[in-house]
>>> print(open('coords28.txt').read())   # compact mmCIF, C-alpha atoms and all ligand atoms
# COMPACT_ATOMS: atom_id res chain seq x y z
CA MET A 1 100.25 92.57 87.90
CA THR A 2 102.35 89.88 86.28
CA PRO A 3 100.22 87.26 84.54
CA ASP A 4 101.83 84.42 82.66
CA HIS A 5 100.65 85.29 79.12
CA PRO A 6 99.66 88.51 77.30
CA THR A 7 96.11 87.21 76.60
CA GLU A 8 95.77 86.39 80.29
CA GLU A 9 96.97 89.88 81.11
CA ARG A 10 94.11 91.42 79.13
CA TRP A 11 91.64 88.98 80.66
CA PHE A 12 92.70 89.81 84.22
CA GLU A 13 92.77 93.53 83.44
CA ARG A 14 89.03 93.31 82.70
CA THR A 15 88.37 91.38 85.93
CA LEU A 16 90.30 94.03 87.86
CA ASP A 17 88.28 96.73 86.13
CA THR A 18 85.07 95.11 87.39
CA LEU A 19 86.54 95.01 90.89
CA ARG A 20 87.52 98.69 90.65
CA HIS A 21 83.82 99.51 90.30
CA ALA A 22 82.71 97.41 93.27
CA GLY A 23 82.52 100.11 95.94
CA PRO A 24 85.36 101.52 98.06
CA LEU A 25 86.57 98.13 99.31
CA GLY A 26 86.58 96.65 95.81
CA GLU A 27 88.48 99.65 94.50
CA ALA A 28 91.05 99.40 97.31
CA MET A 29 91.59 95.70 96.63
CA ALA A 30 91.97 96.28 92.88
CA THR A 31 94.56 98.97 93.61
CA ALA A 32 96.43 96.64 95.96
CA ILE A 33 96.48 93.87 93.31
CA ALA A 34 97.48 96.10 90.40
CA GLY A 35 100.31 97.64 92.39
CA GLY A 36 98.93 101.16 92.48
CA ALA A 37 99.62 101.46 96.18
CA ASP A 38 103.21 102.23 97.08
CA GLU A 39 104.74 100.52 100.07
CA TYR A 40 107.61 102.10 101.98
CA THR A 41 110.05 99.62 103.46
CA GLY A 42 113.08 101.05 105.20
CA GLY A 43 112.65 104.33 103.33
CA ILE A 44 112.69 102.57 99.93
CA ARG A 45 109.58 102.84 97.77
CA ARG A 46 108.36 99.51 96.42
CA THR A 47 105.40 99.09 94.12
CA HIS A 48 104.08 95.69 94.95
CA ARG A 49 102.44 93.85 92.08
CA THR A 50 100.46 90.68 92.59
CA ARG A 51 100.99 87.72 90.29
CA LEU A 52 97.73 86.65 88.62
CA GLY A 53 97.06 83.43 86.77
CA PHE A 54 95.14 80.18 86.55
CA ALA A 55 95.93 76.94 88.36
CA ARG A 56 94.33 73.50 88.50
CA GLN A 57 92.63 73.15 91.90
CA SER A 58 89.51 71.84 93.61
CA THR A 59 88.63 75.33 94.93
CA GLY A 60 87.56 78.47 93.06
CA ALA A 61 90.78 80.33 93.73
CA CYS A 62 93.89 80.23 95.92
CA TRP A 63 96.70 82.53 97.05
CA PHE A 64 99.54 80.03 96.71
CA ASP A 65 100.48 77.91 93.71
CA TRP A 66 101.74 74.60 95.09
CA ARG A 67 102.98 73.32 91.73
CA ARG A 68 105.29 76.26 91.18
CA LEU A 69 105.69 77.33 94.80
CA ARG A 70 104.80 80.98 94.43
CA PHE A 71 102.42 83.48 96.00
CA GLY A 72 99.81 85.25 93.91
CA ILE A 73 96.14 84.97 93.04
CA PHE A 74 95.31 81.88 91.01
CA LEU A 75 91.81 81.25 89.72
CA ASN A 76 90.56 77.76 88.93
CA ALA A 77 91.78 76.88 85.41
CA ASP A 78 88.18 76.00 84.43
CA TYR A 79 87.22 79.69 84.78
CA ALA A 80 89.51 80.75 81.91
CA HIS A 81 86.60 80.36 79.46
CA LEU A 82 84.25 82.61 81.50
CA GLN A 83 83.64 86.28 80.75
CA PRO A 84 86.37 88.12 82.69
CA ASP A 85 83.95 90.83 83.88
CA ASP A 86 81.88 88.25 85.80
CA ALA A 87 81.10 89.67 89.29
CA TRP A 88 81.92 86.33 90.96
CA LEU A 89 85.48 86.38 89.53
CA ALA A 90 86.08 89.95 90.73
CA ALA A 91 84.86 88.91 94.20
CA LEU A 92 87.24 85.91 94.19
CA LEU A 93 90.17 88.20 93.36
CA ALA A 94 89.22 90.40 96.33
CA HIS A 95 88.93 87.36 98.62
CA GLU A 96 92.40 86.03 97.74
CA ALA A 97 93.96 89.51 97.80
CA ARG A 98 92.73 89.87 101.39
CA HIS A 99 94.48 86.58 102.29
CA LEU A 100 97.73 87.94 100.83
CA GLN A 101 97.32 91.08 102.95
CA GLN A 102 96.62 88.98 106.06
CA GLY A 103 99.81 86.93 105.82
CA VAL A 104 100.13 83.16 105.99
CA LEU A 105 99.15 82.56 109.65
CA GLU A 106 96.00 84.70 109.62
CA ALA A 107 95.03 83.40 106.16
CA LEU A 108 95.24 79.84 107.48
CA SER A 109 92.59 80.37 110.15
CA VAL A 110 88.80 80.44 110.27
CA ARG A 111 89.06 84.07 111.46
CA GLY A 112 91.03 84.99 108.32
CA GLU A 113 88.55 83.12 106.13
CA LEU A 114 85.57 84.89 107.71
CA ASP A 115 87.16 88.26 106.94
CA ALA A 116 87.82 87.22 103.31
CA TRP A 117 84.30 85.78 102.82
CA GLN A 118 82.73 88.98 104.20
CA LEU A 119 84.80 91.08 101.79
CA GLN A 120 83.81 88.76 98.93
CA TYR A 121 80.13 89.29 99.81
CA ASP A 122 80.55 93.06 99.97
CA VAL A 123 82.03 93.07 96.44
CA LEU A 124 79.19 90.87 95.12
CA GLU A 125 76.60 93.12 96.75
CA ARG A 126 78.15 96.25 95.19
CA LEU A 127 77.98 94.56 91.79
CA SER A 128 74.29 93.62 92.36
CA ALA A 129 75.23 89.95 92.44
CA ALA A 130 74.83 89.12 96.14
CA PRO A 131 73.85 85.48 96.73
CA HIS A 132 70.30 85.01 98.05
CA ASP A 133 71.28 82.09 100.29
CA PRO A 134 70.33 83.02 103.91
CA ALA A 135 73.50 81.23 105.10
CA TRP A 136 75.56 83.95 103.37
CA ARG A 137 73.63 86.71 105.13
CA GLU A 138 74.09 85.05 108.52
CA LEU A 139 77.82 84.60 107.79
CA CYS A 140 78.21 88.26 106.95
CA ALA A 141 76.54 89.37 110.18
CA LEU A 142 78.96 87.35 112.36
CA VAL A 143 81.60 89.30 114.28
CA PRO A 144 84.89 87.41 114.69
CA ASP A 145 85.31 88.24 118.39
CA SER A 146 84.20 84.94 119.87
CA ARG A 147 85.14 81.32 119.29
CA ALA A 148 81.44 80.42 119.19
CA ASN A 149 80.94 82.81 116.26
CA LEU A 150 83.97 81.38 114.46
CA ARG A 151 82.63 77.84 114.96
CA ARG A 152 79.31 78.98 113.51
CA ALA A 153 81.16 80.64 110.60
CA ARG A 154 82.98 77.38 109.88
CA ALA A 155 79.68 75.45 109.77
CA LEU A 156 78.07 78.05 107.47
CA MET A 157 81.06 78.07 105.09
CA LYS A 158 80.86 74.28 104.85
CA GLN A 159 77.14 74.51 104.17
CA ILE A 160 77.67 77.09 101.40
CA ALA A 161 80.79 75.66 99.75
CA GLY A 162 80.03 71.96 100.13
CA PRO A 163 81.94 69.06 101.67
CA ARG A 164 85.04 69.51 99.49
CA TYR A 165 85.81 72.84 101.19
CA ARG A 166 88.42 71.92 103.79
CA ILE A 167 87.67 74.60 106.37
CA GLY A 168 87.57 71.88 109.07
CA TRP A 169 91.38 71.63 108.83
CA LEU A 170 91.94 75.23 109.82
CA PRO A 171 92.26 76.42 113.45
CA LEU A 172 89.70 79.00 114.57
CA TRP A 173 92.47 81.49 115.40
CA PRO A 174 95.90 81.81 113.72
CA LEU A 175 98.04 78.84 114.79
CA PRO A 176 100.23 80.41 117.56
CA ALA A 177 97.16 81.92 119.27
CA GLU A 178 95.26 78.65 118.85
CA VAL A 179 98.08 76.57 120.36
CA GLY A 180 98.30 79.02 123.29
CA TYR A 181 94.56 78.75 123.86
CA GLN A 182 94.57 74.93 123.70
CA LEU A 183 97.54 74.71 126.11
CA ARG A 184 95.86 77.06 128.63
CA ASN A 185 92.69 75.01 128.32
CA ALA A 186 94.52 71.72 128.83
CA GLY A 187 96.39 73.20 131.83
CA GLN A 188 93.11 74.31 133.41
CA ARG A 189 91.61 70.86 132.85
CA VAL A 190 94.60 69.22 134.56
CA LEU A 191 94.34 71.65 137.51
CA ARG A 192 90.62 70.96 137.87
CA ALA A 193 91.29 67.21 137.77
CA ILE A 194 94.00 67.55 140.47
CA ARG A 195 91.70 69.64 142.71
CA ALA A 196 88.96 67.03 142.29
CA LEU A 197 91.26 64.28 143.62
CA PRO A 198 90.25 62.96 147.05
ZN ZN A 201 89.77 81.97 101.57
>>> encode(input="coords28.txt", output="C-alpha cells")
Amino acid sequence: MTPDHPTEERWFERTLDTLRHAGPLGEAMATAIAGGADEYTGGIRRTHRTRLGFARQSTGACWFDWRRLRFGIFLNADYAHLQPDDAWLAALLAHEARHLQQGVLEALSVRGELDAWQLQYDVLERLSAAPHDPAWRELCALVPDSRANLRRARALMKQIAGPRYRIGWLPLWPLPAEVGYQLRNAGQRVLRAIRALP
C-alpha cells in the first residue's frame, strides 16, 4: 500500500481492516491490496502493493487516476471526511481491486463491471450493510453467460447508480470479443441480405 500522505495511510489502513473482516472474499481482496500475496514472475518474487488515495471524480471510486496517469484505487475526494471503517468504503475498495485484477480490457466491459458489483455486494452483505434495493438483489443473481443477462445488468446498474454512471459506453464483452461478435453478426446480416435477393 502506498498512499500519498501518512494520515491517509492510517485512514486507508482502517478501511482495509474493515475489508479484512468481510468474509473470505473481502479478506482475499484486502490481502491483494495490501501486498500480502506474493506473485512469482519469471521465478522472481514480487510483492505487489496497490496505490491508494483520493481523487476528484464524478464516481465513488476508480482504478485509474487520469490526472496523474497511474493505476491504483482512488476514492472520491469527498469521502476523505467519512469514517474510514464505513462498510461502503471497504466494498468500494474491493470493487476497484477486482478491476485491477481483471486487467484493462475486462474492466472496461459490462461483464467486468457485473463481477465487480457482485463482489461489492458480497462485502456489504458480510458487513451487515447490504442494500435493500431489489434491483441490487436481481443484479447479484445474474450470471454473466449471456448477452441478454449483461444487457439486463447494464440497465439495473444505471437504475441503481443514476444517469451519471456511464455504463452505456462500455461494451457488453471485453472489446476484442465484442468487435469479433459484431463483425460476425454484420457478416451474417450481409449473407442473409444476399440470399434474400431475387
Ligand atoms: Zn466498476
>>> atom_distance(input="coords28.txt", atom1="CA of Ala80 (chain A)", atom2="CA of Arg51 (chain A)")
15.8 Å
>>> residues_near_ligand(input="coords28.txt", ligand="ligand ZN 201 (chain A)", cutoff="12 Å", atoms="all atoms listed in the file", output="VMD selection string")
chain A and resid 59 to 64 73 to 74 91 to 104 106 to 120 154 157 161 165 to 167 170
>>> residues_around(input="coords28.txt", residues="region 5-22 of chain A", least_positions_apart="2", cutoff="10 Å", atoms="all atoms listed in the file", output="PyMOL selection string")
chain A and resi 1-3+24-31+33-34+52-54+80+82-94+122-128
>>> atom_distance(input="coords28.txt", atom1="CA of Leu139 (chain A)", atom2="CA of Trp173 (chain A)")
16.8 Å
>>> atom_distance(input="coords28.txt", atom1="CA of Trp66 (chain A)", atom2="CA of Trp169 (chain A)")
17.5 Å
>>> build_atoms(input="coords28.txt", residues="region 65-78 of chain A", atoms="N, CA and C atoms", output="CSV table (one decimal), keeping the file's coordinate frame")
chain,number,residue,atom,x,y,z
A,65,ASP,N,100.4,78.9,94.8
A,65,ASP,CA,100.5,77.9,93.7
A,65,ASP,C,101.5,76.8,94.1
A,66,TRP,N,100.9,75.7,94.5
A,66,TRP,CA,101.7,74.6,95.1
A,66,TRP,C,102.6,74.0,94.0
A,67,ARG,N,102.2,74.0,92.8
A,67,ARG,CA,103.0,73.3,91.7
A,67,ARG,C,104.2,74.1,91.5
A,68,ARG,N,104.1,75.4,91.5
A,68,ARG,CA,105.3,76.3,91.2
A,68,ARG,C,105.8,77.0,92.4
A,69,LEU,N,105.2,76.8,93.5
A,69,LEU,CA,105.7,77.3,94.8
A,69,LEU,C,105.8,78.9,94.7
A,70,ARG,N,104.7,79.5,94.5
A,70,ARG,CA,104.8,81.0,94.4
A,70,ARG,C,103.5,81.6,94.9
A,71,PHE,N,103.6,82.8,95.5
A,71,PHE,CA,102.4,83.5,96.0
A,71,PHE,C,101.8,84.2,94.8
A,72,GLY,N,100.5,84.5,94.9
A,72,GLY,CA,99.8,85.2,93.9
A,72,GLY,C,98.3,85.0,94.0
A,73,ILE,N,97.6,85.3,93.0
A,73,ILE,CA,96.1,85.0,93.0
A,73,ILE,C,95.9,84.1,91.8
A,74,PHE,N,95.5,82.9,92.1
A,74,PHE,CA,95.3,81.9,91.0
A,74,PHE,C,93.9,81.4,91.0
A,75,LEU,N,93.2,81.7,89.9
A,75,LEU,CA,91.8,81.2,89.7
A,75,LEU,C,91.8,79.8,89.2
A,76,ASN,N,90.7,79.1,89.5
A,76,ASN,CA,90.6,77.8,88.9
A,76,ASN,C,90.7,77.8,87.4
A,77,ALA,N,91.5,76.9,86.9
A,77,ALA,CA,91.8,76.9,85.4
A,77,ALA,C,90.5,76.8,84.6
A,78,ASP,N,89.4,76.1,85.2
A,78,ASP,CA,88.2,76.0,84.4
A,78,ASP,C,87.5,77.4,84.2
